[in-house]
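K.L.:
Supplied in structure tokens, the structure appears directly below.
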Amino acid sequence: MTNNDIVQKLWNLCDVLRDDGINYSDYVTELVLLLFIKMVHENTEAGVLKRHPLPEGCRWTDLNSKSGINLLNDYKAILLALSTGKRMEADPENPGQTKEVVVHEDPLISAIYSDAQTRLREPRHLEQMIKTLDQIDWFSAQKDGLGDLYEGLLEKNASETKSGAGQYFTPRALINSMVRCIKPQIGEVIQDPAAGTAGFLVAADQYMRDQTDDYIDLPSKQAQFQKNNAFIGVELVPNTRRLALMNCLLHGMEGDDEGVVHLGNALGDAGKALKQADIILANPPFGTSKGGEASNTRDDLTYKTSNKQLAFLQHIYRNLKPGGRAAVVLPDNVLFEAGVGTEVRRDLMNKCNLHTILRLPTGIFYAQGVKTNVLFFTKGSAKDKYQEQSCTENVWVYDLRTNMPSFGKRTPFGDSHLAPFEAVFGDKADGTSERTEGEYSFGAEEIAVDKEAAAENKNVDDKLLHSRWRCFNRNWIAEAKGDSLDISWLIDKDSVDAADLPEPEVLAREAKVELEAALNELNGLLVLLKEAN
């Protein structure tokens, strides 16, 4: 049984949850509260879990032998005990009375099960879920690691559009590519201020484990640093943070007393308190700050804005150590927004070496139509990490968007689509590898270009016009683009040139005729329905 088979089997349990009246958006939270208890049991049995075991009375074996209302009541009591660290027990010294007993004092377990409660109402549904989990071939799952299986479940949840979880879910192929470019090293502090389910942090950890035989090659002090101090994330949504903490622990990442991912708002006090990092990997949430817990209350950011991405971008380049590296997913509007947007981009290019922009294809996020990019930058200049002015000399842009397929379930986005970009990015994580313009993957030489209309195509030879990989000088960006980073030169086959459209009056007249025809058809249908009655 492969991990994909197991993920599908786990996802099928959502039918049981639906029969119990549980909302689609709550499926994964409900499922993982039980699943985590099972996974801890399997990891303990396999000798993998050394720390943070579940306390006696709150383990899988305390559930899977029970049935009926006793099972459901005991499960509710277990969730409460894991959350609070306490439970009520019969007092042997005072018959008929109960007393509060400390069950555990593990802050990480308390964080994972913080405010956890089940919405299940039917004991038979809980019994069915437990039996299904017991029937899974966990020995096969162990070979790939239960953490990978858990991540597969999170990705499955994101791919199901009804769950609403996929709007900001970063595809694994993109996460892994960004990590390979940034190349995290042992001893570096890696941060994600918008951690979600901790995909970036887990991928960075896995990258370093692969380099060091699962940290076995490291001295004990360094191995301890990797487990407890190397990674730090912030997540605003409690249930998402719960998923992140489970994900990290199943991958052997423990963090501090609050876990790897802290609960809080990176655009508030939690972000302000973060120490500078060697690496920041992030996909900040899209949208504007509208007050409430998610609002931008930072008074240490130079440029005040309600645009969350512009605020996150400021946090990221300010929070890097000198020489620190970042790779950040950002929507198109960050590249061209005027006013504060221009000021933030200018400040970024001043304080950092913004060496690379990857224009991503549409459709790779489960929210269709979202146009995004990855910005790669290093604090300081290529020559001096302590430099604070004029740090960007050239910006290299890779266009992976124009004339690319419409990605989705039928055409999945994968490693092969990112391989050409990684090849030209080069081996140096700070973007200083020797680079040459000209990369023609995915039929680039057949793509149309407009030599006259685009400023990007002025005085460029005919072959290079078709390249997906081009270099733009910092002075040119200031003079020709007004510090906009919305740099494109290829024409998508589906794009419509505004110059070729009819006059607005003609378009309006055509629309009016079509609407009147549709209205006449509706009137005719109403007459027929009236006659039929």
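FYI, nothing fancy with the structure tokens labels: chains A, B, ... in order, residues from 1 per chain, ligands from 1 as they appear.
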Residues within 9 Å of A:Arg124, please, as number ranges by chain. Count only C-alpha atoms; anything in the same chain fewer than 4 positions from it doesn't count.
P.N.:
A: 67-69, 72, 128-129
K.L.:
May I have the residues within 12 Å of A:Ala338 as a PyMOL selection string, using only C-alpha atoms and disregarding those fewer than 5 positions away in the same chain?
P.N.:
chain A and resi 305+307+310+333+343-346+481-486
K.L.:
If you keep C-alpha atoms, can you produce a file of those selected residues as a short mmCIF file (atom, residue, chain, number, x, y, z; two decimals), in the first residue's frame?
P.N.:
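The result, written out as part06.cif:
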data_model
loop_
_atom_site.label_atom_id
_atom_site.label_comp_id
_atom_site.auth_asym_id
_atom_site.auth_seq_id
_atom_site.Cartn_x
_atom_site.Cartn_y
_atom_site.Cartn_z
CA THR A 305 0.16 50.12 4.23
CA ASN A 307 -1.61 45.76 1.68
CA LEU A 310 3.78 44.85 1.11
CA ASN A 333 0.25 43.62 -7.63
CA GLU A 343 8.59 53.00 -2.09
CA VAL A 344 8.78 49.45 -0.69
CA ARG A 345 10.30 48.03 -3.91
CA ARG A 346 12.82 50.85 -4.01
CA LYS A 481 9.85 51.17 -15.51
CA GLY A 482 9.67 53.78 -12.72
CA ASP A 483 10.81 51.04 -10.29
CA SER A 484 7.97 48.73 -11.31
CA LEU A 485 9.11 45.10 -11.32
CA ASP A 486 6.30 43.95 -13.57
#
K.L.:
I need the residues of stretch 218-395 of chain A that end up classed as helix (DSSP H, G or I) by DSSP on the backbone, written out as a VMD selection string.
P.N.:
chain A and resid 220 to 228 238 to 250 269 to 272 292 to 294 308 to 318 332 to 336 340 to 351
K.L.:
With distances taken over only C-alpha atoms, which of A:Lys275, A:Lys383, A:Lys66, A:His104 is nearest to A:Leu54?
P.N.:
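Ranked by minimum distance to A:Leu54, first place goes to A:His104.
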K.L.:
With a distance cut-off of 12 Å and only C-alpha atoms, select the neighbouring residues of A:Asp217, excluding the residue or stretch itself and same-chain residues fewer than 6 positions from it, and output the selection as a PDB file with N, CA, C and O atoms, in the first residue's frame.
P.N.:
ATOM      1  N   ILE A 186      23.351  23.763   7.869  1.00  0.00           N
ATOM      2  CA  ILE A 186      23.318  23.428   9.288  1.00  0.00           C
ATOM      3  C   ILE A 186      23.773  24.642  10.110  1.00  0.00           C
ATOM      4  O   ILE A 186      24.764  25.296   9.783  1.00  0.00           O
ATOM      5  N   MET A 208      18.220  19.499   4.690  1.00  0.00           N
ATOM      6  CA  MET A 208      19.441  19.371   5.489  1.00  0.00           C
ATOM      7  C   MET A 208      19.619  17.954   6.036  1.00  0.00           C
ATOM      8  O   MET A 208      20.744  17.476   6.176  1.00  0.00           O
ATOM      9  N   ARG A 209      18.513  17.275   6.329  1.00  0.00           N
ATOM     10  CA  ARG A 209      18.609  15.876   6.757  1.00  0.00           C
ATOM     11  C   ARG A 209      19.214  15.015   5.641  1.00  0.00           C
ATOM     12  O   ARG A 209      20.019  14.115   5.903  1.00  0.00           O
ATOM     13  N   ASP A 210      18.813  15.302   4.417  1.00  0.00           N
ATOM     14  CA  ASP A 210      19.344  14.544   3.276  1.00  0.00           C
ATOM     15  C   ASP A 210      20.844  14.759   3.098  1.00  0.00           C
ATOM     16  O   ASP A 210      21.545  13.884   2.593  1.00  0.00           O
ATOM     17  N   GLN A 211      21.340  15.935   3.516  1.00  0.00           N
ATOM     18  CA  GLN A 211      22.770  16.246   3.376  1.00  0.00           C
ATOM     19  C   GLN A 211      23.606  15.616   4.494  1.00  0.00           C
ATOM     20  O   GLN A 211      24.824  15.520   4.380  1.00  0.00           O
ATOM     21  N   ALA A 223      23.003  18.696  16.290  1.00  0.00           N
ATOM     22  CA  ALA A 223      21.758  17.969  16.047  1.00  0.00           C
ATOM     23  C   ALA A 223      20.640  18.522  16.938  1.00  0.00           C
ATOM     24  O   ALA A 223      19.491  18.666  16.500  1.00  0.00           O
TER      25      ALA A 223
END
K.L.:
I'd like the contact shell of A:Ala81 - 9 Å cut-off, only C-alpha atoms, skipping same-chain residues fewer than 6 positions apart - returned as a PyMOL selection string.
P.N.:
chain A and resi 58+87-88+102-104+110+113
K.L.:
Take the residues from that selection and put them in a file with N, CA and C atoms, as a PDB file, in the first residue's frame.
P.N.:
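Resulting contents of selection_17.pdb:
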ATOM      1  N   CYS A  58      -4.313   8.457  27.601  1.00  0.00           N
ATOM      2  CA  CYS A  58      -4.626   9.299  26.429  1.00  0.00           C
ATOM      3  C   CYS A  58      -4.008   8.714  25.157  1.00  0.00           C
ATOM      4  N   ARG A  87      -7.111  16.097  34.273  1.00  0.00           N
ATOM      5  CA  ARG A  87      -8.404  15.443  34.143  1.00  0.00           C
ATOM      6  C   ARG A  87      -8.970  15.143  35.539  1.00  0.00           C
ATOM      7  N   MET A  88     -10.251  14.890  35.565  1.00  0.00           N
ATOM      8  CA  MET A  88     -10.932  14.560  36.816  1.00  0.00           C
ATOM      9  C   MET A  88     -10.966  13.040  36.980  1.00  0.00           C
ATOM     10  N   VAL A 102      -3.043  15.849  37.511  1.00  0.00           N
ATOM     11  CA  VAL A 102      -2.172  16.298  36.410  1.00  0.00           C
ATOM     12  C   VAL A 102      -1.830  15.098  35.541  1.00  0.00           C
ATOM     13  N   VAL A 103      -2.128  15.210  34.257  1.00  0.00           N
ATOM     14  CA  VAL A 103      -1.904  14.116  33.305  1.00  0.00           C
ATOM     15  C   VAL A 103      -0.561  14.279  32.602  1.00  0.00           C
ATOM     16  N   HIS A 104      -0.266  15.506  32.204  1.00  0.00           N
ATOM     17  CA  HIS A 104       1.033  15.768  31.562  1.00  0.00           C
ATOM     18  C   HIS A 104       1.383  17.240  31.755  1.00  0.00           C
ATOM     19  N   SER A 110       0.196  20.270  24.806  1.00  0.00           N
ATOM     20  CA  SER A 110      -0.895  21.212  25.130  1.00  0.00           C
ATOM     21  C   SER A 110      -1.157  22.152  23.961  1.00  0.00           C
ATOM     22  N   TYR A 113      -3.002  20.282  21.106  1.00  0.00           N
ATOM     23  CA  TYR A 113      -4.403  19.991  21.418  1.00  0.00           C
ATOM     24  C   TYR A 113      -5.118  21.164  22.086  1.00  0.00           C
TER      25      TYR A 113
END
K.L.:
Atom CA of A:Leu71 and atom CA of A:Lys38 are how many Å apart?
P.N.:
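Value for the atom CA of A:Leu71-atom CA of A:Lys38 distance: 15.3 Å.
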K.L.:
Record the distance separating atom CA of A:Phe36 and atom CA of A:Leu274, expressed in Å with one decimal.
P.N.:
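A separation of 28.8 Å between them.
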K.L.:
Between atom CA of A:Ala198 and atom CA of A:Phe225, what is the spacing in Å?
P.N.:
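Between atom CA of A:Phe225 and atom CA of A:Ala198 the gap works out to 18.1 Å.
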K.L.:
List every residue of stretch 26-110 of chain A that has an atom at most 9 Å from any atom of stretch 146-153 of chain A, and for each one report the closest atom pair and its distance in Å to one decimal, counting only C-alpha atoms, with rows sorted by chain and then by increasing residue number, as a Markdown table.
P.N.:
| residue | atom | partner | partner_atom | distance |
| --- | --- | --- | --- | --- |
| A:Val28 | CA | A:Leu153 | CA | 8.2 |
| A:Val32 | CA | A:Tyr150 | CA | 8.7 |
| A:Met39 | CA | A:Leu146 | CA | 7.0 |
| A:Glu42 | CA | A:Leu146 | CA | 8.8 |
| A:Asn43 | CA | A:Leu146 | CA | 8.0 |
K.L.:
Extract, using only C-alpha atoms, all DNA, RNA and protein residues at most 10 Å from A:Thr98, discarding same-chain residues fewer than 5 positions from it, and format them as a list in words.
P.N.:
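Returned residues: Arg87, Met88, Glu89, Ala90, Asp91, Pro92 and Glu93 of chain A.
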K.L.:
Next, write the just-selected residues to a file, as a PDB file, in the first residue's frame, keeping all heavy atoms as the atom set.
P.N.:
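Once everything was written out, this is out.pdb:
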ATOM      1  N   ARG A  87      -7.111  16.097  34.273  1.00  0.00           N
ATOM      2  CA  ARG A  87      -8.404  15.443  34.143  1.00  0.00           C
ATOM      3  C   ARG A  87      -8.970  15.143  35.539  1.00  0.00           C
ATOM      4  O   ARG A  87      -8.245  15.141  36.523  1.00  0.00           O
ATOM      5  CB  ARG A  87      -8.316  14.170  33.295  1.00  0.00           C
ATOM      6  CG  ARG A  87      -7.584  13.020  33.936  1.00  0.00           C
ATOM      7  CD  ARG A  87      -7.828  11.714  33.175  1.00  0.00           C
ATOM      8  NE  ARG A  87      -6.815  10.730  33.563  1.00  0.00           N
ATOM      9  CZ  ARG A  87      -6.045  10.088  32.713  1.00  0.00           C
ATOM     10  NH1 ARG A  87      -6.140  10.310  31.426  1.00  0.00           N
ATOM     11  NH2 ARG A  87      -5.155   9.215  33.150  1.00  0.00           N
ATOM     12  N   MET A  88     -10.251  14.890  35.565  1.00  0.00           N
ATOM     13  CA  MET A  88     -10.932  14.560  36.816  1.00  0.00           C
ATOM     14  C   MET A  88     -10.966  13.040  36.980  1.00  0.00           C
ATOM     15  O   MET A  88     -11.284  12.314  36.048  1.00  0.00           O
ATOM     16  CB  MET A  88     -12.361  15.112  36.820  1.00  0.00           C
ATOM     17  CG  MET A  88     -12.440  16.627  36.648  1.00  0.00           C
ATOM     18  SD  MET A  88     -11.487  17.554  37.889  1.00  0.00           S
ATOM     19  CE  MET A  88     -12.441  17.172  39.364  1.00  0.00           C
ATOM     20  N   GLU A  89     -10.604  12.568  38.178  1.00  0.00           N
ATOM     21  CA  GLU A  89     -10.634  11.139  38.478  1.00  0.00           C
ATOM     22  C   GLU A  89     -11.333  10.921  39.819  1.00  0.00           C
ATOM     23  O   GLU A  89     -11.421  11.831  40.659  1.00  0.00           O
ATOM     24  CB  GLU A  89      -9.213  10.565  38.558  1.00  0.00           C
ATOM     25  CG  GLU A  89      -8.505  10.477  37.224  1.00  0.00           C
ATOM     26  CD  GLU A  89      -7.148   9.806  37.360  1.00  0.00           C
ATOM     27  OE1 GLU A  89      -6.723   9.503  38.509  1.00  0.00           O
ATOM     28  OE2 GLU A  89      -6.494   9.579  36.317  1.00  0.00           O
ATOM     29  N   ALA A  90     -11.809   9.697  40.008  1.00  0.00           N
ATOM     30  CA  ALA A  90     -12.429   9.354  41.295  1.00  0.00           C
ATOM     31  C   ALA A  90     -11.394   9.472  42.415  1.00  0.00           C
ATOM     32  O   ALA A  90     -10.238   9.067  42.263  1.00  0.00           O
ATOM     33  CB  ALA A  90     -12.976   7.935  41.234  1.00  0.00           C
ATOM     34  N   ASP A  91     -11.791  10.068  43.504  1.00  0.00           N
ATOM     35  CA  ASP A  91     -10.891  10.267  44.654  1.00  0.00           C
ATOM     36  C   ASP A  91     -10.980   9.047  45.569  1.00  0.00           C
ATOM     37  O   ASP A  91     -12.008   8.838  46.240  1.00  0.00           O
ATOM     38  CB  ASP A  91     -11.307  11.530  45.407  1.00  0.00           C
ATOM     39  CG  ASP A  91     -10.300  11.884  46.503  1.00  0.00           C
ATOM     40  OD1 ASP A  91      -9.429  11.044  46.814  1.00  0.00           O
ATOM     41  OD2 ASP A  91     -10.416  12.996  47.055  1.00  0.00           O
ATOM     42  N   PRO A  92      -9.921   8.217  45.614  1.00  0.00           N
ATOM     43  CA  PRO A  92      -9.986   6.990  46.433  1.00  0.00           C
ATOM     44  C   PRO A  92     -10.139   7.281  47.927  1.00  0.00           C
ATOM     45  O   PRO A  92     -10.649   6.450  48.683  1.00  0.00           O
ATOM     46  CB  PRO A  92      -8.654   6.294  46.138  1.00  0.00           C
ATOM     47  CG  PRO A  92      -7.745   7.365  45.634  1.00  0.00           C
ATOM     48  CD  PRO A  92      -8.618   8.373  44.964  1.00  0.00           C
ATOM     49  N   GLU A  93      -9.704   8.461  48.353  1.00  0.00           N
ATOM     50  CA  GLU A  93      -9.785   8.788  49.785  1.00  0.00           C
ATOM     51  C   GLU A  93     -11.151   9.342  50.177  1.00  0.00           C
ATOM     52  O   GLU A  93     -11.500   9.385  51.350  1.00  0.00           O
ATOM     53  CB  GLU A  93      -8.680   9.801  50.138  1.00  0.00           C
ATOM     54  CG  GLU A  93      -7.277   9.228  49.959  1.00  0.00           C
ATOM     55  CD  GLU A  93      -6.207  10.270  50.260  1.00  0.00           C
ATOM     56  OE1 GLU A  93      -6.570  11.371  50.718  1.00  0.00           O
ATOM     57  OE2 GLU A  93      -5.017   9.962  50.048  1.00  0.00           O
TER      58      GLU A  93
END
K.L.:
Quick one: residues within 7 Å of A:Glu437, only C-alpha atoms, excluding same-chain residues fewer than 3 positions away - as a list in words?
P.N.:
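Within the cut-off, the hits are Trp469, Arg470 and Cys471 of chain A.
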K.L.:
Could you give me, as a ChimeraX atom specification, the residues within 7 Å of stretch 259-264 of chain A, counting only C-alpha atoms and dropping anything in the same chain fewer than 3 positions from it?
P.N.:
/A:108,231-236,238,241,244-245,254-256,270
K.L.:
Mind the document's chain letters and residue numbers, and return as an mmCIF file with N, CA and C atoms, in the first residue's frame the residues of stretch 119-349 of chain A that DSSP labels strand (DSSP E or B).
P.N.:
data_model
loop_
_atom_site.group_PDB
_atom_site.id
_atom_site.type_symbol
_atom_site.label_atom_id
_atom_site.label_comp_id
_atom_site.auth_asym_id
_atom_site.auth_seq_id
_atom_site.Cartn_x
_atom_site.Cartn_y
_atom_site.Cartn_z
ATOM 1 N N ILE A 190 16.074 29.490 10.261
ATOM 2 C CA ILE A 190 15.165 29.597 9.112
ATOM 3 C C ILE A 190 13.785 29.989 9.616
ATOM 4 N N GLN A 191 13.222 31.021 9.027
ATOM 5 C CA GLN A 191 11.966 31.596 9.504
ATOM 6 C C GLN A 191 10.905 31.588 8.409
ATOM 7 N N ASP A 192 9.655 31.394 8.838
ATOM 8 C CA ASP A 192 8.506 31.609 7.954
ATOM 9 C C ASP A 192 7.465 32.390 8.749
ATOM 10 N N PHE A 231 14.461 26.337 13.439
ATOM 11 C CA PHE A 231 13.261 26.732 12.686
ATOM 12 C C PHE A 231 12.291 27.501 13.570
ATOM 13 N N ILE A 232 11.715 28.558 12.987
ATOM 14 C CA ILE A 232 10.721 29.342 13.717
ATOM 15 C C ILE A 232 9.672 29.847 12.724
ATOM 16 N N GLY A 233 8.408 29.615 13.071
ATOM 17 C CA GLY A 233 7.315 30.095 12.235
ATOM 18 C C GLY A 233 6.278 30.803 13.071
ATOM 19 N N VAL A 234 5.445 31.598 12.409
ATOM 20 C CA VAL A 234 4.321 32.268 13.069
ATOM 21 C C VAL A 234 3.074 31.982 12.241
ATOM 22 N N GLU A 235 1.995 31.623 12.913
ATOM 23 C CA GLU A 235 0.721 31.367 12.222
ATOM 24 C C GLU A 235 -0.412 31.985 13.026
ATOM 25 N N ASP A 256 10.921 25.194 20.327
ATOM 26 C CA ASP A 256 11.032 25.550 21.737
ATOM 27 C C ASP A 256 9.783 25.087 22.485
ATOM 28 N N GLY A 259 6.748 25.047 20.523
ATOM 29 C CA GLY A 259 6.823 24.330 19.256
ATOM 30 C C GLY A 259 7.563 25.134 18.204
ATOM 31 N N VAL A 261 6.178 26.351 15.416
ATOM 32 C CA VAL A 261 5.306 27.424 14.920
ATOM 33 C C VAL A 261 4.542 28.052 16.088
ATOM 34 N N HIS A 262 4.758 29.342 16.294
ATOM 35 C CA HIS A 262 4.093 30.066 17.379
ATOM 36 C C HIS A 262 2.768 30.648 16.885
ATOM 37 N N LEU A 263 1.823 30.773 17.793
ATOM 38 C CA LEU A 263 0.530 31.372 17.460
ATOM 39 C C LEU A 263 0.639 32.886 17.575
ATOM 40 N N ALA A 277 16.851 36.383 11.050
ATOM 41 C CA ALA A 277 17.068 35.023 10.569
ATOM 42 C C ALA A 277 18.095 35.004 9.444
ATOM 43 N N ASP A 278 18.704 33.836 9.252
ATOM 44 C CA ASP A 278 19.626 33.644 8.124
ATOM 45 C C ASP A 278 18.867 33.435 6.829
ATOM 46 N N ILE A 279 17.700 32.790 6.939
ATOM 47 C CA ILE A 279 16.882 32.483 5.762
ATOM 48 C C ILE A 279 15.423 32.731 6.109
ATOM 49 N N ILE A 280 14.692 33.351 5.178
ATOM 50 C CA ILE A 280 13.243 33.474 5.326
ATOM 51 C C ILE A 280 12.598 32.919 4.056
ATOM 52 N N LEU A 281 11.726 31.947 4.235
ATOM 53 C CA LEU A 281 10.949 31.359 3.148
ATOM 54 C C LEU A 281 9.485 31.595 3.471
ATOM 55 N N ALA A 282 8.709 32.120 2.531
ATOM 56 C CA ALA A 282 7.327 32.460 2.890
ATOM 57 C C ALA A 282 6.432 32.591 1.668
ATOM 58 N N THR A 288 -6.004 42.474 1.727
ATOM 59 C CA THR A 288 -5.713 43.703 2.466
ATOM 60 C C THR A 288 -6.051 43.512 3.925
ATOM 61 N N ASN A 307 -1.912 46.898 2.541
ATOM 62 C CA ASN A 307 -1.615 45.760 1.680
ATOM 63 C C ASN A 307 -0.747 44.772 2.459
ATOM 64 N N LEU A 320 16.019 39.965 7.942
ATOM 65 C CA LEU A 320 17.159 39.138 7.536
ATOM 66 C C LEU A 320 18.445 39.638 8.197
ATOM 67 N N LYS A 321 19.290 38.703 8.591
ATOM 68 C CA LYS A 321 20.633 39.074 9.036
ATOM 69 C C LYS A 321 21.430 39.589 7.834
ATOM 70 N N PRO A 322 22.492 40.370 8.043
ATOM 71 C CA PRO A 322 23.364 40.735 6.922
ATOM 72 C C PRO A 322 23.831 39.471 6.196
ATOM 73 N N GLY A 323 23.639 39.454 4.871
ATOM 74 C CA GLY A 323 23.992 38.272 4.088
ATOM 75 C C GLY A 323 22.909 37.213 4.075
ATOM 76 N N GLY A 324 21.805 37.459 4.821
ATOM 77 C CA GLY A 324 20.699 36.492 4.870
ATOM 78 C C GLY A 324 19.992 36.383 3.531
ATOM 79 N N ARG A 325 19.346 35.224 3.305
ATOM 80 C CA ARG A 325 18.729 34.930 2.010
ATOM 81 C C ARG A 325 17.223 34.747 2.173
ATOM 82 N N ALA A 326 16.477 35.176 1.166
ATOM 83 C CA ALA A 326 15.021 35.027 1.219
ATOM 84 C C ALA A 326 14.492 34.587 -0.132
ATOM 85 N N ALA A 327 13.417 33.808 -0.075
ATOM 86 C CA ALA A 327 12.637 33.459 -1.266
ATOM 87 C C ALA A 327 11.176 33.585 -0.862
ATOM 88 N N VAL A 328 10.436 34.470 -1.539
ATOM 89 C CA VAL A 328 9.085 34.835 -1.105
ATOM 90 C C VAL A 328 8.123 34.802 -2.284
ATOM 91 N N VAL A 329 6.985 34.133 -2.101
ATOM 92 C CA VAL A 329 5.927 34.115 -3.114
ATOM 93 C C VAL A 329 5.070 35.365 -2.938
ATOM 94 N N LEU A 330 4.912 36.125 -4.026
ATOM 95 C CA LEU A 330 4.130 37.368 -3.948
ATOM 96 C C LEU A 330 3.287 37.533 -5.213
ATOM 97 N N PRO A 331 2.083 38.099 -5.073
ATOM 98 C CA PRO A 331 1.229 38.303 -6.242
ATOM 99 C C PRO A 331 1.727 39.459 -7.108
#
K.L.:
Considering only C-alpha atoms, can you say which of A:Cys391, A:Ala532, A:Cys181, A:Ala273 comes closest to A:Leu375?
P.N.:
A:Cys181
